[in-house]
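Printed here is query_11.cif (mmCIF, N, CA and C atoms):
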data_work
loop_
_atom_site.label_atom_id
_atom_site.label_comp_id
_atom_site.auth_asym_id
_atom_site.auth_seq_id
_atom_site.Cartn_x
_atom_site.Cartn_y
_atom_site.Cartn_z
N MET A 1 -27.56 -10.81 -11.45
CA MET A 1 -26.80 -10.19 -10.38
C MET A 1 -27.81 -9.71 -9.33
N SER A 2 -27.55 -10.06 -8.07
CA SER A 2 -28.46 -9.66 -6.99
C SER A 2 -28.30 -8.17 -6.69
N THR A 3 -29.27 -7.63 -5.96
CA THR A 3 -29.23 -6.22 -5.58
C THR A 3 -27.98 -5.92 -4.76
N SER A 4 -27.63 -6.83 -3.83
CA SER A 4 -26.46 -6.58 -3.00
C SER A 4 -25.18 -6.62 -3.83
N GLU A 5 -25.14 -7.48 -4.86
CA GLU A 5 -23.96 -7.52 -5.73
C GLU A 5 -23.82 -6.23 -6.54
N VAL A 6 -24.95 -5.68 -6.97
CA VAL A 6 -24.94 -4.41 -7.71
C VAL A 6 -24.43 -3.30 -6.82
N ILE A 7 -24.92 -3.24 -5.57
CA ILE A 7 -24.49 -2.21 -4.63
C ILE A 7 -23.00 -2.31 -4.36
N VAL A 8 -22.51 -3.53 -4.13
CA VAL A 8 -21.09 -3.73 -3.88
C VAL A 8 -20.27 -3.28 -5.08
N THR A 9 -20.72 -3.63 -6.28
CA THR A 9 -20.01 -3.23 -7.50
C THR A 9 -19.99 -1.71 -7.63
N GLU A 10 -21.10 -1.05 -7.33
CA GLU A 10 -21.15 0.41 -7.40
C GLU A 10 -20.22 1.04 -6.38
N ILE A 11 -20.18 0.47 -5.17
CA ILE A 11 -19.28 0.98 -4.13
C ILE A 11 -17.82 0.78 -4.56
N ASP A 12 -17.51 -0.41 -5.08
CA ASP A 12 -16.15 -0.69 -5.55
C ASP A 12 -15.73 0.27 -6.65
N THR A 13 -16.63 0.52 -7.60
CA THR A 13 -16.34 1.43 -8.70
C THR A 13 -16.11 2.85 -8.19
N ALA A 14 -16.97 3.30 -7.27
CA ALA A 14 -16.84 4.65 -6.72
C ALA A 14 -15.55 4.78 -5.91
N MET A 15 -15.21 3.77 -5.11
CA MET A 15 -14.00 3.80 -4.31
C MET A 15 -12.77 3.82 -5.20
N SER A 16 -12.76 3.00 -6.23
CA SER A 16 -11.62 2.97 -7.15
C SER A 16 -11.46 4.32 -7.85
N ALA A 17 -12.57 4.93 -8.25
CA ALA A 17 -12.51 6.24 -8.90
C ALA A 17 -11.97 7.29 -7.93
N ALA A 18 -12.41 7.23 -6.68
CA ALA A 18 -11.93 8.19 -5.68
C ALA A 18 -10.43 8.01 -5.45
N MET A 19 -9.97 6.77 -5.40
CA MET A 19 -8.54 6.50 -5.20
C MET A 19 -7.72 7.03 -6.39
N ARG A 20 -8.22 6.82 -7.61
CA ARG A 20 -7.52 7.35 -8.78
C ARG A 20 -7.48 8.88 -8.74
N ASP A 21 -8.57 9.49 -8.27
CA ASP A 21 -8.62 10.95 -8.15
C ASP A 21 -7.59 11.44 -7.14
N ILE A 22 -7.48 10.77 -6.01
CA ILE A 22 -6.49 11.14 -4.99
C ILE A 22 -5.08 11.02 -5.57
N ALA A 23 -4.83 9.91 -6.27
CA ALA A 23 -3.50 9.72 -6.88
C ALA A 23 -3.18 10.84 -7.86
N ALA A 24 -4.16 11.23 -8.67
CA ALA A 24 -3.95 12.32 -9.64
C ALA A 24 -3.69 13.64 -8.92
N ARG A 25 -4.42 13.90 -7.84
CA ARG A 25 -4.24 15.14 -7.09
C ARG A 25 -2.86 15.18 -6.40
N LEU A 26 -2.43 14.05 -5.87
CA LEU A 26 -1.10 13.99 -5.26
C LEU A 26 -0.02 14.25 -6.30
N THR A 27 -0.18 13.65 -7.46
CA THR A 27 0.79 13.86 -8.55
C THR A 27 0.82 15.33 -8.95
N ALA A 28 -0.36 15.94 -9.07
CA ALA A 28 -0.43 17.35 -9.46
C ALA A 28 0.18 18.26 -8.40
N ALA A 29 0.13 17.85 -7.14
CA ALA A 29 0.64 18.69 -6.04
C ALA A 29 2.16 18.60 -5.88
N MET A 30 2.82 17.79 -6.68
CA MET A 30 4.27 17.61 -6.53
C MET A 30 5.04 18.92 -6.68
N SER A 31 4.53 19.85 -7.47
CA SER A 31 5.24 21.11 -7.66
C SER A 31 4.97 22.11 -6.54
N ASN A 32 3.95 21.84 -5.72
CA ASN A 32 3.63 22.70 -4.58
C ASN A 32 3.13 21.82 -3.44
N THR A 33 4.07 21.25 -2.71
CA THR A 33 3.72 20.27 -1.68
C THR A 33 2.94 20.86 -0.52
N ASP A 34 2.90 22.20 -0.39
CA ASP A 34 2.13 22.83 0.68
C ASP A 34 0.62 22.74 0.46
N GLN A 35 0.21 22.29 -0.73
CA GLN A 35 -1.21 22.16 -1.02
C GLN A 35 -1.88 21.08 -0.16
N ILE A 36 -1.09 20.15 0.34
CA ILE A 36 -1.61 19.03 1.13
C ILE A 36 -0.91 19.05 2.48
N SER A 37 -1.69 19.09 3.55
CA SER A 37 -1.09 19.14 4.88
C SER A 37 -0.39 17.82 5.21
N ASP A 38 0.62 17.92 6.06
CA ASP A 38 1.34 16.72 6.49
C ASP A 38 0.37 15.75 7.16
N LEU A 39 -0.52 16.26 8.00
CA LEU A 39 -1.47 15.40 8.72
C LEU A 39 -2.41 14.67 7.75
N ALA A 40 -2.92 15.37 6.75
CA ALA A 40 -3.82 14.73 5.78
C ALA A 40 -3.07 13.64 5.01
N LEU A 41 -1.84 13.92 4.61
CA LEU A 41 -1.03 12.94 3.90
C LEU A 41 -0.74 11.72 4.79
N GLN A 42 -0.38 11.98 6.04
CA GLN A 42 -0.09 10.88 6.96
C GLN A 42 -1.33 10.00 7.18
N ASP A 43 -2.49 10.64 7.37
CA ASP A 43 -3.73 9.87 7.56
C ASP A 43 -4.03 9.00 6.35
N MET A 44 -3.89 9.58 5.16
CA MET A 44 -4.17 8.84 3.93
C MET A 44 -3.19 7.68 3.76
N LEU A 45 -1.90 7.95 3.99
CA LEU A 45 -0.90 6.89 3.86
C LEU A 45 -1.12 5.76 4.85
N CYS A 46 -1.39 6.10 6.09
CA CYS A 46 -1.62 5.07 7.11
C CYS A 46 -2.82 4.20 6.74
N ALA A 47 -3.91 4.82 6.29
CA ALA A 47 -5.09 4.06 5.89
C ALA A 47 -4.79 3.18 4.67
N ALA A 48 -4.08 3.74 3.70
CA ALA A 48 -3.76 2.97 2.49
C ALA A 48 -2.83 1.80 2.82
N ILE A 49 -1.85 2.02 3.67
CA ILE A 49 -0.92 0.95 4.03
C ILE A 49 -1.63 -0.14 4.82
N ARG A 50 -2.51 0.26 5.72
CA ARG A 50 -3.26 -0.73 6.49
C ARG A 50 -4.16 -1.55 5.57
N PHE A 51 -4.80 -0.89 4.60
CA PHE A 51 -5.65 -1.59 3.64
C PHE A 51 -4.82 -2.54 2.78
N TYR A 52 -3.66 -2.07 2.32
CA TYR A 52 -2.76 -2.90 1.51
C TYR A 52 -2.35 -4.15 2.30
N ALA A 53 -1.99 -3.96 3.57
CA ALA A 53 -1.59 -5.09 4.40
C ALA A 53 -2.73 -6.08 4.58
N ARG A 54 -3.94 -5.57 4.76
CA ARG A 54 -5.10 -6.44 4.92
C ARG A 54 -5.32 -7.27 3.66
N LYS A 55 -5.24 -6.62 2.50
CA LYS A 55 -5.40 -7.36 1.24
C LYS A 55 -4.29 -8.41 1.09
N ALA A 56 -3.07 -8.06 1.49
CA ALA A 56 -1.96 -9.00 1.41
C ALA A 56 -2.21 -10.20 2.32
N GLU A 57 -2.71 -9.94 3.53
CA GLU A 57 -3.02 -11.03 4.47
C GLU A 57 -4.10 -11.95 3.92
N LEU A 58 -5.00 -11.41 3.12
CA LEU A 58 -6.09 -12.19 2.55
C LEU A 58 -5.71 -12.87 1.24
N GLY A 59 -4.44 -12.70 0.82
CA GLY A 59 -3.95 -13.44 -0.33
C GLY A 59 -3.84 -12.67 -1.62
N MET A 60 -3.71 -11.35 -1.56
CA MET A 60 -3.51 -10.56 -2.77
C MET A 60 -2.33 -11.16 -3.54
N THR A 61 -2.57 -11.55 -4.76
CA THR A 61 -1.52 -12.23 -5.53
C THR A 61 -0.73 -11.31 -6.43
N SER A 62 -1.14 -10.06 -6.54
CA SER A 62 -0.37 -9.12 -7.37
C SER A 62 0.06 -7.95 -6.49
N PRO A 63 1.18 -8.14 -5.77
CA PRO A 63 1.64 -7.07 -4.89
C PRO A 63 2.11 -5.87 -5.69
N PHE A 64 2.84 -5.03 -5.04
CA PHE A 64 3.31 -3.78 -5.62
C PHE A 64 3.75 -3.96 -7.07
N PRO A 65 3.40 -3.04 -7.96
CA PRO A 65 3.77 -3.20 -9.37
C PRO A 65 5.28 -3.10 -9.56
N PRO A 66 5.82 -3.84 -10.53
CA PRO A 66 7.26 -3.76 -10.79
C PRO A 66 7.69 -2.31 -11.02
N ARG A 67 8.82 -1.95 -10.46
CA ARG A 67 9.39 -0.60 -10.56
C ARG A 67 8.41 0.47 -10.09
N GLY A 68 7.50 0.08 -9.17
CA GLY A 68 6.54 1.05 -8.65
C GLY A 68 5.64 1.61 -9.72
N GLY A 69 5.38 0.82 -10.76
CA GLY A 69 4.54 1.28 -11.85
C GLY A 69 5.15 2.44 -12.60
N ASP A 70 6.47 2.55 -12.52
CA ASP A 70 7.22 3.65 -13.15
C ASP A 70 6.84 5.01 -12.57
N LEU A 71 6.22 5.03 -11.38
CA LEU A 71 5.86 6.27 -10.72
C LEU A 71 6.79 6.61 -9.57
N LEU A 72 7.57 5.63 -9.13
CA LEU A 72 8.44 5.80 -7.96
C LEU A 72 9.90 5.65 -8.34
N THR A 73 10.74 6.27 -7.54
CA THR A 73 12.18 6.03 -7.66
C THR A 73 12.60 5.16 -6.48
N VAL A 74 13.77 4.59 -6.59
CA VAL A 74 14.30 3.81 -5.47
C VAL A 74 14.40 4.71 -4.24
N ASN A 75 14.82 5.95 -4.43
CA ASN A 75 14.93 6.89 -3.32
C ASN A 75 13.56 7.12 -2.65
N ASP A 76 12.49 7.23 -3.45
CA ASP A 76 11.14 7.40 -2.89
C ASP A 76 10.81 6.24 -1.96
N VAL A 77 11.05 5.03 -2.43
CA VAL A 77 10.72 3.84 -1.66
C VAL A 77 11.57 3.75 -0.40
N MET A 78 12.86 4.03 -0.52
CA MET A 78 13.76 3.95 0.63
C MET A 78 13.37 4.98 1.70
N LEU A 79 13.05 6.20 1.29
CA LEU A 79 12.63 7.22 2.26
C LEU A 79 11.36 6.80 2.99
N ALA A 80 10.35 6.38 2.23
CA ALA A 80 9.07 6.00 2.84
C ALA A 80 9.23 4.78 3.75
N ALA A 81 9.93 3.75 3.27
CA ALA A 81 10.11 2.54 4.07
C ALA A 81 10.92 2.84 5.33
N SER A 82 11.97 3.62 5.20
CA SER A 82 12.79 3.98 6.37
C SER A 82 11.98 4.76 7.40
N ASP A 83 11.18 5.73 6.91
CA ASP A 83 10.36 6.52 7.83
C ASP A 83 9.32 5.66 8.54
N MET A 84 8.71 4.72 7.81
CA MET A 84 7.71 3.84 8.44
C MET A 84 8.36 2.94 9.48
N LEU A 85 9.49 2.35 9.15
CA LEU A 85 10.17 1.48 10.11
C LEU A 85 10.60 2.28 11.34
N HIS A 86 11.12 3.49 11.12
CA HIS A 86 11.54 4.34 12.24
C HIS A 86 10.34 4.71 13.11
N ALA A 87 9.24 5.08 12.49
CA ALA A 87 8.04 5.48 13.24
C ALA A 87 7.51 4.33 14.11
N MET A 88 7.69 3.10 13.64
CA MET A 88 7.21 1.94 14.38
C MET A 88 8.31 1.33 15.26
N ASN A 89 9.49 1.98 15.27
CA ASN A 89 10.62 1.51 16.06
C ASN A 89 11.01 0.07 15.69
N VAL A 90 11.09 -0.18 14.39
CA VAL A 90 11.47 -1.50 13.88
C VAL A 90 12.81 -1.36 13.16
N GLN A 91 13.75 -2.21 13.54
CA GLN A 91 15.06 -2.22 12.89
C GLN A 91 15.05 -3.15 11.69
N MET A 92 15.96 -2.94 10.75
CA MET A 92 16.03 -3.79 9.56
C MET A 92 16.23 -5.26 9.93
N PHE A 93 17.03 -5.51 10.95
CA PHE A 93 17.25 -6.88 11.40
C PHE A 93 15.93 -7.51 11.83
N GLU A 94 15.11 -6.75 12.54
CA GLU A 94 13.81 -7.26 12.99
C GLU A 94 12.89 -7.56 11.81
N LEU A 95 12.94 -6.72 10.80
CA LEU A 95 12.15 -6.97 9.59
C LEU A 95 12.60 -8.28 8.95
N SER A 96 13.90 -8.48 8.83
CA SER A 96 14.43 -9.71 8.23
C SER A 96 14.03 -10.93 9.04
N MET A 97 14.12 -10.81 10.36
CA MET A 97 13.74 -11.94 11.23
C MET A 97 12.24 -12.22 11.11
N TRP A 98 11.43 -11.20 11.09
CA TRP A 98 9.98 -11.36 10.96
C TRP A 98 9.65 -12.09 9.66
N GLN A 99 10.29 -11.68 8.56
CA GLN A 99 10.04 -12.34 7.28
C GLN A 99 10.47 -13.80 7.32
N ALA A 100 11.63 -14.07 7.92
CA ALA A 100 12.13 -15.43 7.99
C ALA A 100 11.24 -16.31 8.88
N MET A 101 10.79 -15.77 10.00
CA MET A 101 10.01 -16.58 10.95
C MET A 101 8.56 -16.78 10.50
N THR A 102 7.99 -15.81 9.83
CA THR A 102 6.58 -15.91 9.45
C THR A 102 6.37 -16.37 8.02
N GLY A 103 7.40 -16.22 7.19
CA GLY A 103 7.24 -16.53 5.78
C GLY A 103 6.51 -15.43 5.03
N ASN A 104 6.19 -14.34 5.73
CA ASN A 104 5.49 -13.23 5.08
C ASN A 104 6.46 -12.47 4.20
N SER A 105 6.02 -12.24 2.98
CA SER A 105 6.81 -11.46 2.04
C SER A 105 5.87 -11.00 0.95
N THR A 106 6.11 -9.83 0.43
CA THR A 106 5.29 -9.35 -0.67
C THR A 106 5.93 -9.63 -2.01
N ALA A 107 7.08 -10.29 -1.99
CA ALA A 107 7.73 -10.62 -3.26
C ALA A 107 6.83 -11.58 -4.04
N PRO A 108 6.59 -11.30 -5.32
CA PRO A 108 5.67 -12.12 -6.11
C PRO A 108 5.98 -13.61 -6.07
N GLN A 109 7.26 -13.96 -6.06
CA GLN A 109 7.61 -15.38 -6.06
C GLN A 109 7.26 -16.07 -4.74
N HIS A 110 7.00 -15.27 -3.69
CA HIS A 110 6.66 -15.84 -2.40
C HIS A 110 5.16 -15.85 -2.15
N ARG A 111 4.40 -15.28 -3.04
CA ARG A 111 2.95 -15.23 -2.89
C ARG A 111 2.33 -16.50 -3.39
N THR A 112 1.32 -16.95 -2.71
CA THR A 112 0.52 -18.07 -3.20
C THR A 112 -0.90 -17.57 -3.39
N LYS A 113 -1.57 -18.13 -4.33
CA LYS A 113 -2.95 -17.75 -4.56
C LYS A 113 -3.82 -18.41 -3.49
N PRO A 114 -4.90 -17.73 -3.09
CA PRO A 114 -5.82 -18.36 -2.15
C PRO A 114 -6.27 -19.71 -2.69
N ASN A 115 -6.46 -20.66 -1.81
CA ASN A 115 -6.87 -22.02 -2.14
C ASN A 115 -5.77 -22.86 -2.76
N ASP A 116 -4.50 -22.39 -2.68
CA ASP A 116 -3.38 -23.20 -3.18
C ASP A 116 -2.98 -24.19 -2.12
#
Take the structure from the file and write it as structure tokens.
Amino acid sequence: MSTSEVIVTEIDTAMSAAMRDIAARLTAAMSNTDQISDLALQDMLCAAIRFYARKAELGMTSPFPPRGGDLLTVNDVMLAASDMLHAMNVQMFELSMWQAMTGNSTAPQHRTKPND
């Protein structure tokens, strides 16, 4: 393994650990949501969503875990998705048209592996 590969692996490991730590802290804060400011949460969500979208564009073949990894409810997903669409001034019809015209979808059956 080259030096640059070792550095990248160390960065990946550290980033993954930091993300798991953030997830644990968010879960712990559920009983007192004032522990995390709205602005900090919004910044983190926007960065995470942008990163998720980038990975999806590059061919991520394992999108969102089934049933949200048993961490989310349907209501959680509907609230977040509705708020994001509203914030971007996107209507459900526009989302449907975008998916139909571009073929973009995060549904596992619609994903292809890179080099397919």
Using DSSP on the backbone, list every residue of chain A that comes out as helix (DSSP H, G or I), and give them as number ranges by chain.
A: 3-31, 33-35, 38-57, 66-70, 74-87, 92-102, 108-110
Selection near stretch 18-28 of chain A, 10 Å with only C-alpha atoms, sequence-local residues under 5 positions removed, as a short mmCIF file (atom, residue, chain, number, x, y, z; two decimals) with N, CA and C atoms, in the coordinates of the input:
data_model
loop_
_atom_site.label_atom_id
_atom_site.label_comp_id
_atom_site.auth_asym_id
_atom_site.auth_seq_id
_atom_site.Cartn_x
_atom_site.Cartn_y
_atom_site.Cartn_z
N ASP A 12 -17.51 -0.41 -5.08
CA ASP A 12 -16.15 -0.69 -5.55
C ASP A 12 -15.73 0.27 -6.65
N THR A 13 -16.63 0.52 -7.60
CA THR A 13 -16.34 1.43 -8.70
C THR A 13 -16.11 2.85 -8.19
N THR A 33 4.07 21.25 -2.71
CA THR A 33 3.72 20.27 -1.68
C THR A 33 2.94 20.86 -0.52
N GLN A 35 0.21 22.29 -0.73
CA GLN A 35 -1.21 22.16 -1.02
C GLN A 35 -1.88 21.08 -0.16
N ILE A 36 -1.09 20.15 0.34
CA ILE A 36 -1.61 19.03 1.13
C ILE A 36 -0.91 19.05 2.48
N LEU A 41 -1.84 13.92 4.61
CA LEU A 41 -1.03 12.94 3.90
C LEU A 41 -0.74 11.72 4.79
N MET A 44 -3.89 9.58 5.16
CA MET A 44 -4.17 8.84 3.93
C MET A 44 -3.19 7.68 3.76
N ALA A 48 -4.08 3.74 3.70
CA ALA A 48 -3.76 2.97 2.49
C ALA A 48 -2.83 1.80 2.82
N LEU A 71 6.22 5.03 -11.38
CA LEU A 71 5.86 6.27 -10.72
C LEU A 71 6.79 6.61 -9.57
#
Work out how far apart atom CA of A:Gly68 and atom CA of A:Thr9 are and give it in Å to one decimal.
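If I compute the distance from atom CA of A:Gly68 to atom CA of A:Thr9, I get 26.9 Å.
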Tell me which protein, DNA and RNA residues are within 12 Å of A:Ala81, counting only C-alpha atoms, leaving out same-chain ones fewer than 3 positions away, and put them as a list in words.
Leu45, Ile49, Val74, Asn75, Asp76, Val77, Met78, Met84, Leu85, His86, Ala87, Met88, Val90, Gln91, Met92 and Leu95 of chain A
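Between atom C of A:Gly103 and atom N of A:Ala56 there is a distance of 12.6 Å.
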